[in-house]
2 protein chains.
Amino acid sequence: MPLKADLDAIDWKILRELQADGRMTNVELSNRVGISAPPCLRRVKRLEEAGIIRGYRALLNAPALGLDVVAFCLIGLHHQADAELRTFAERTRGWPIVRDAWMVSGESDFLLHCVASDLGAFQTFVIEELTSTPNVDTVRTALTIRRIKDEGLVSFAQP
Amino acid sequence: MPLKADLDAIDWKILRELQADGRMTNVELSNRVGISAPPCLRRVKRLEEAGIIRGYRALLNAPALGLDVVAFCLIGLHHQADAELRTFAERTRGWPIVRDAWMVSGESDFLLHCVASDLGAFQTFVIEELTSTPNVDTVRTALTIRRIKDEGLVSFAQP
DNA sequence: GGCAACACGCAAGAATCTTGCGTGATTTTG
DNA sequence: CAAAATCACGCAAGATTCTTGCGTGTTGCC
């Protein structure tokens, strides 16, 4: 189960390339990182089995699919005991509009990344679902105007 | 250049499957959506060329890579003229700590999704970069405690 | 110095990708 | 309404890629 310390320069290159293009063939990947295909594939599988690569995902174009509203919601609860946090977290998993969600510390307790077909659908969600959920205190929303940066979770500026 | 209206049930299945596993082989994908491999591959390419599939990305495990801090920053500027918004947007692209960034409307002007190796690195970024950037008025941060939902951008609950 | 552990690259068989082509269904057109 | 055109499907075959086993060279550790 390798961790960060076990990764060498080639592993980092693999991670960078697959974060940029997760569907690259192994042959192409092996050329880019400078080793032959078999050891390259073995490294990728090792990274997958170690959980360093959590999976692969196609990135979809929401507007082209009729999803014109992307927004973030900051949620504050009345009571933040463990049971209440878990209850709200569980509820977010049942809302299709919520795509990613984080429990956070600071002025709010949760941050929700939401996608909806239009403003009406989003407002309906906020009013009829979010604010009417028990224990929800504050809801602040930020409608996105446009995405200005979109890279993978991990930066490769330094290594 | 197909749009939403041109997509049939099989296309939606393809999108769902590739959003869940972007590295699935075309043979496996074709089995799951119920057609043979050649037309399935043709559909995928059509979706890619139409920009509906924007790309593919490996999802990496930040903590395993020594990145223990994931946070969001809400930024308010003093002046929100177009030139100033563009200037700030451009600056976010030069910060490796900032992974995704959105221009938003509401109480803040920008939302930054940040990843850092530790709290010190993040605080250094906030103090020495963010707050010292010209035209930055307010900076509110939300440190993430844990991710409670992590799905692709597009929901497939309805179609 | 010798041994064990490890990762590499080669090679071959299996699987997948990719293209061309014929068929059938649906839509358009006369 | 019929004929033609369009479209997407599935089959088949060659090209590419994946996958595994194996031998070799290097590294680290007695």
# chains A, B, ... in the order shown; residues from 1 in each chain; ligands from 1

call {"tool": "interface_residues", "arguments": {"of": "chain C", "to": "chain A", "cutoff": "8 Å", "atoms": "only C-alpha atoms (C1' of nucleotides)", "output": "count of residues only"}}
result
3

call {"tool": "interface_residues", "arguments": {"of": "chain D", "to": "chain B", "cutoff": "9 Å", "atoms": "only C-alpha atoms (C1' of nucleotides)", "output": "PDB file with N, CA and C atoms (P, O5', C5', C4', C3', O3' and C1' of nucleotides), in the first residue's frame"}}
result
ATOM      1  P    DA D   8     -27.466   8.638 -36.896  1.00  0.00           P
ATOM      2  O5'  DA D   8     -27.564   7.163 -36.315  1.00  0.00           O
ATOM      3  C5'  DA D   8     -28.797   6.694 -35.808  1.00  0.00           C
ATOM      4  C4'  DA D   8     -28.767   5.192 -35.715  1.00  0.00           C
ATOM      5  C3'  DA D   8     -27.516   4.639 -35.017  1.00  0.00           C
ATOM      6  O3'  DA D   8     -27.898   3.729 -34.001  1.00  0.00           O
ATOM      7  C1'  DA D   8     -27.817   3.582 -37.113  1.00  0.00           C
ATOM      8  P    DC D   9     -26.826   3.060 -33.047  1.00  0.00           P
ATOM      9  O5'  DC D   9     -26.925   1.509 -33.396  1.00  0.00           O
ATOM     10  C5'  DC D   9     -28.203   0.885 -33.432  1.00  0.00           C
ATOM     11  C4'  DC D   9     -28.148  -0.337 -34.318  1.00  0.00           C
ATOM     12  C3'  DC D   9     -27.061  -1.329 -33.927  1.00  0.00           C
ATOM     13  O3'  DC D   9     -27.614  -2.368 -33.143  1.00  0.00           O
ATOM     14  C1'  DC D   9     -27.184  -0.988 -36.323  1.00  0.00           C
ATOM     15  P    DG D  10     -26.640  -3.300 -32.302  1.00  0.00           P
ATOM     16  O5'  DG D  10     -26.059  -4.313 -33.386  1.00  0.00           O
ATOM     17  C5'  DG D  10     -26.948  -5.185 -34.063  1.00  0.00           C
ATOM     18  C4'  DG D  10     -26.188  -6.001 -35.087  1.00  0.00           C
ATOM     19  C3'  DG D  10     -24.998  -6.777 -34.520  1.00  0.00           C
ATOM     20  O3'  DG D  10     -25.029  -8.110 -35.015  1.00  0.00           O
ATOM     21  C1'  DG D  10     -24.279  -5.388 -36.308  1.00  0.00           C
TER      22       DG D  10
END

call {"tool": "interface_residues", "arguments": {"of": "chain B", "to": "chain A", "cutoff": "6 Å", "atoms": "only C-alpha atoms", "output": "ChimeraX atom specification"}}
result
/B:3-4,18-23,52-61,64-65,96,99-106,142-151,153,155

call {"tool": "select_by_dssp", "arguments": {"residues": "range 108-152 of chain B", "states": "strand (DSSP E or B)", "output": "list in words"}}
result
Phe110, Leu111, Leu112, His113, Cys114, Val115, Ala116, Val136, Asp137, Thr138, Val139, Arg140, Thr141, Ala142, Leu143, Thr144, Ile145, Arg146, Arg147, Ile148, Lys149 and Asp150 of chain B

call {"tool": "residues_around", "arguments": {"residues": "DT27 in chain C", "least_positions_apart": "6", "cutoff": "12 Å", "atoms": "only C-alpha atoms (C1' of nucleotides)", "output": "PyMOL selection string"}}
result
chain D and resi 4-7

call {"tool": "write_last_selection", "arguments": {"atoms": "N, CA and C atoms (P, O5', C5', C4', C3', O3' and C1' of nucleotides)", "output": "JSON list (two decimals), in the first residue's frame"}}
result
[["chain", "number", "residue", "atom", "x", "y", "z"],
["D", 4, "DA", "P", -36.76, 4.49, -56.52],
["D", 4, "DA", "O5'", -35.98, 5.59, -55.65],
["D", 4, "DA", "C5'", -36.34, 6.96, -55.79],
["D", 4, "DA", "C4'", -35.78, 7.75, -54.62],
["D", 4, "DA", "C3'", -34.33, 7.42, -54.28],
["D", 4, "DA", "O3'", -33.58, 8.62, -54.24],
["D", 4, "DA", "C1'", -35.69, 7.27, -52.33],
["D", 5, "DA", "P", -31.97, 8.56, -54.14],
["D", 5, "DA", "O5'", -31.74, 9.17, -52.70],
["D", 5, "DA", "C5'", -32.55, 10.27, -52.27],
["D", 5, "DA", "C4'", -32.48, 10.41, -50.76],
["D", 5, "DA", "C3'", -31.07, 10.24, -50.18],
["D", 5, "DA", "O3'", -30.77, 11.36, -49.37],
["D", 5, "DA", "C1'", -32.63, 8.86, -49.02],
["D", 6, "DT", "P", -29.26, 11.53, -48.79],
["D", 6, "DT", "O5'", -29.51, 11.21, -47.25],
["D", 6, "DT", "C5'", -30.71, 11.69, -46.62],
["D", 6, "DT", "C4'", -30.85, 11.05, -45.25],
["D", 6, "DT", "C3'", -29.53, 10.86, -44.51],
["D", 6, "DT", "O3'", -29.63, 11.47, -43.24],
["D", 6, "DT", "C1'", -30.81, 8.86, -44.48],
["D", 7, "DC", "P", -28.32, 11.71, -42.37],
["D", 7, "DC", "O5'", -28.48, 10.60, -41.26],
["D", 7, "DC", "C5'", -29.76, 10.37, -40.67],
["D", 7, "DC", "C4'", -29.80, 9.00, -40.02],
["D", 7, "DC", "C3'", -28.50, 8.64, -39.29],
["D", 7, "DC", "O3'", -28.73, 8.68, -37.89],
["D", 7, "DC", "C1'", -29.41, 6.80, -40.54]]

call {"tool": "closest_residue", "arguments": {"among": "D:DG14, D:DC30, D:DA2, D:DG25", "to": "DG1 in chain C", "atoms": "only C-alpha atoms (C1' of nucleotides)"}}
result
D:DC30

call {"tool": "residues_around", "arguments": {"residues": "Leu130 in chain B", "least_positions_apart": "2", "cutoff": "10 Å", "atoms": "only C-alpha atoms (C1' of nucleotides)", "output": "ChimeraX atom specification"}}
result
/B:73,75,91-92,95,123-128,132-134,136-139

call {"tool": "select_by_dssp", "arguments": {"residues": "chain B", "states": "alpha helix (DSSP H)", "output": "PyMOL selection string"}}
result
chain B and resi 9-20+26-33+37-49+82-93+119-124

call {"tool": "decode", "arguments": {"residues": "range 46-57 of chain A", "atoms": "all heavy atoms", "output": "CSV table (one decimal), in the first residue's frame"}}
result
chain,number,residue,atom,x,y,z
A,46,ARG,N,-1.0,-0.3,-9.5
A,46,ARG,CA,-0.5,-0.2,-8.1
A,46,ARG,C,-1.1,1.1,-7.5
A,46,ARG,O,-1.6,1.1,-6.4
A,46,ARG,CB,1.0,-0.1,-8.1
A,46,ARG,CG,1.6,-0.6,-6.8
A,46,ARG,CD,3.1,-0.8,-7.0
A,46,ARG,NE,3.8,0.3,-7.5
A,46,ARG,CZ,4.5,1.2,-6.7
A,46,ARG,NH1,4.7,0.9,-5.5
A,46,ARG,NH2,5.1,2.2,-7.3
A,47,LEU,N,-1.1,2.2,-8.3
A,47,LEU,CA,-1.7,3.4,-7.8
A,47,LEU,C,-3.2,3.3,-7.6
A,47,LEU,O,-3.7,3.9,-6.7
A,47,LEU,CB,-1.4,4.6,-8.8
A,47,LEU,CG,0.1,5.0,-8.9
A,47,LEU,CD1,0.3,5.9,-10.2
A,47,LEU,CD2,0.6,5.7,-7.7
A,48,GLU,N,-3.8,2.6,-8.5
A,48,GLU,CA,-5.3,2.4,-8.3
A,48,GLU,C,-5.6,1.5,-7.0
A,48,GLU,O,-6.4,1.9,-6.2
A,48,GLU,CB,-5.9,1.7,-9.5
A,48,GLU,CG,-5.9,2.5,-10.8
A,48,GLU,CD,-6.3,1.8,-12.0
A,48,GLU,OE1,-6.5,0.5,-11.9
A,48,GLU,OE2,-6.4,2.4,-13.1
A,49,GLU,N,-4.8,0.4,-6.9
A,49,GLU,CA,-5.0,-0.4,-5.7
A,49,GLU,C,-4.7,0.3,-4.4
A,49,GLU,O,-5.3,0.0,-3.4
A,49,GLU,CB,-4.2,-1.7,-5.9
A,49,GLU,CG,-4.9,-2.6,-6.9
A,49,GLU,CD,-3.9,-3.7,-7.5
A,49,GLU,OE1,-2.8,-3.8,-6.9
A,49,GLU,OE2,-4.2,-4.4,-8.4
A,50,ALA,N,-3.7,1.2,-4.5
A,50,ALA,CA,-3.4,1.9,-3.3
A,50,ALA,C,-4.4,3.0,-2.9
A,50,ALA,O,-4.3,3.6,-1.9
A,50,ALA,CB,-2.0,2.5,-3.4
A,51,GLY,N,-5.3,3.2,-3.8
A,51,GLY,CA,-6.3,4.3,-3.6
A,51,GLY,C,-5.8,5.6,-3.9
A,51,GLY,O,-6.5,6.6,-3.6
A,52,ILE,N,-4.6,5.7,-4.5
A,52,ILE,CA,-4.1,7.1,-4.9
A,52,ILE,C,-4.9,7.6,-6.1
A,52,ILE,O,-5.2,8.8,-6.2
A,52,ILE,CB,-2.6,7.0,-5.1
A,52,ILE,CG1,-1.9,6.8,-3.7
A,52,ILE,CG2,-2.1,8.3,-5.8
A,52,ILE,CD1,-0.4,6.6,-3.8
A,53,ILE,N,-5.1,6.7,-7.0
A,53,ILE,CA,-6.1,7.0,-8.1
A,53,ILE,C,-7.4,6.5,-7.6
A,53,ILE,O,-7.6,5.3,-7.5
A,53,ILE,CB,-5.7,6.4,-9.4
A,53,ILE,CG1,-4.4,7.0,-9.9
A,53,ILE,CG2,-6.8,6.6,-10.5
A,53,ILE,CD1,-3.8,6.3,-11.2
A,54,ARG,N,-8.4,7.3,-7.3
A,54,ARG,CA,-9.7,6.9,-6.8
A,54,ARG,C,-10.6,6.5,-7.9
A,54,ARG,O,-11.6,5.9,-7.6
A,54,ARG,CB,-10.3,8.1,-6.1
A,54,ARG,CG,-9.6,8.5,-4.8
A,54,ARG,CD,-10.1,9.9,-4.3
A,54,ARG,NE,-11.5,10.1,-4.5
A,54,ARG,CZ,-12.1,11.1,-5.0
A,54,ARG,NH1,-11.4,12.1,-5.5
A,54,ARG,NH2,-13.4,11.2,-5.2
A,55,GLY,N,-10.4,6.8,-9.1
A,55,GLY,CA,-11.3,6.5,-10.2
A,55,GLY,C,-11.1,7.4,-11.4
A,55,GLY,O,-10.1,8.2,-11.4
A,56,TYR,N,-11.9,7.2,-12.3
A,56,TYR,CA,-11.8,8.0,-13.6
A,56,TYR,C,-13.2,8.5,-13.9
A,56,TYR,O,-14.2,7.8,-13.6
A,56,TYR,CB,-11.3,7.2,-14.7
A,56,TYR,CG,-10.0,6.5,-14.5
A,56,TYR,CD1,-9.9,5.3,-13.9
A,56,TYR,CD2,-8.8,7.2,-14.8
A,56,TYR,CE1,-8.6,4.7,-13.6
A,56,TYR,CE2,-7.6,6.7,-14.6
A,56,TYR,CZ,-7.5,5.4,-14.0
A,56,TYR,OH,-6.2,4.9,-13.7
A,57,ARG,N,-13.3,9.7,-14.5
A,57,ARG,CA,-14.6,10.3,-14.7
A,57,ARG,C,-14.6,11.1,-16.0
A,57,ARG,O,-13.6,11.8,-16.3
A,57,ARG,CB,-14.9,11.2,-13.5
A,57,ARG,CG,-16.2,11.9,-13.6
A,57,ARG,CD,-16.5,12.6,-12.3
A,57,ARG,NE,-16.8,11.7,-11.2
A,57,ARG,CZ,-16.9,12.0,-9.9
A,57,ARG,NH1,-16.8,13.3,-9.6
A,57,ARG,NH2,-17.2,11.1,-9.0
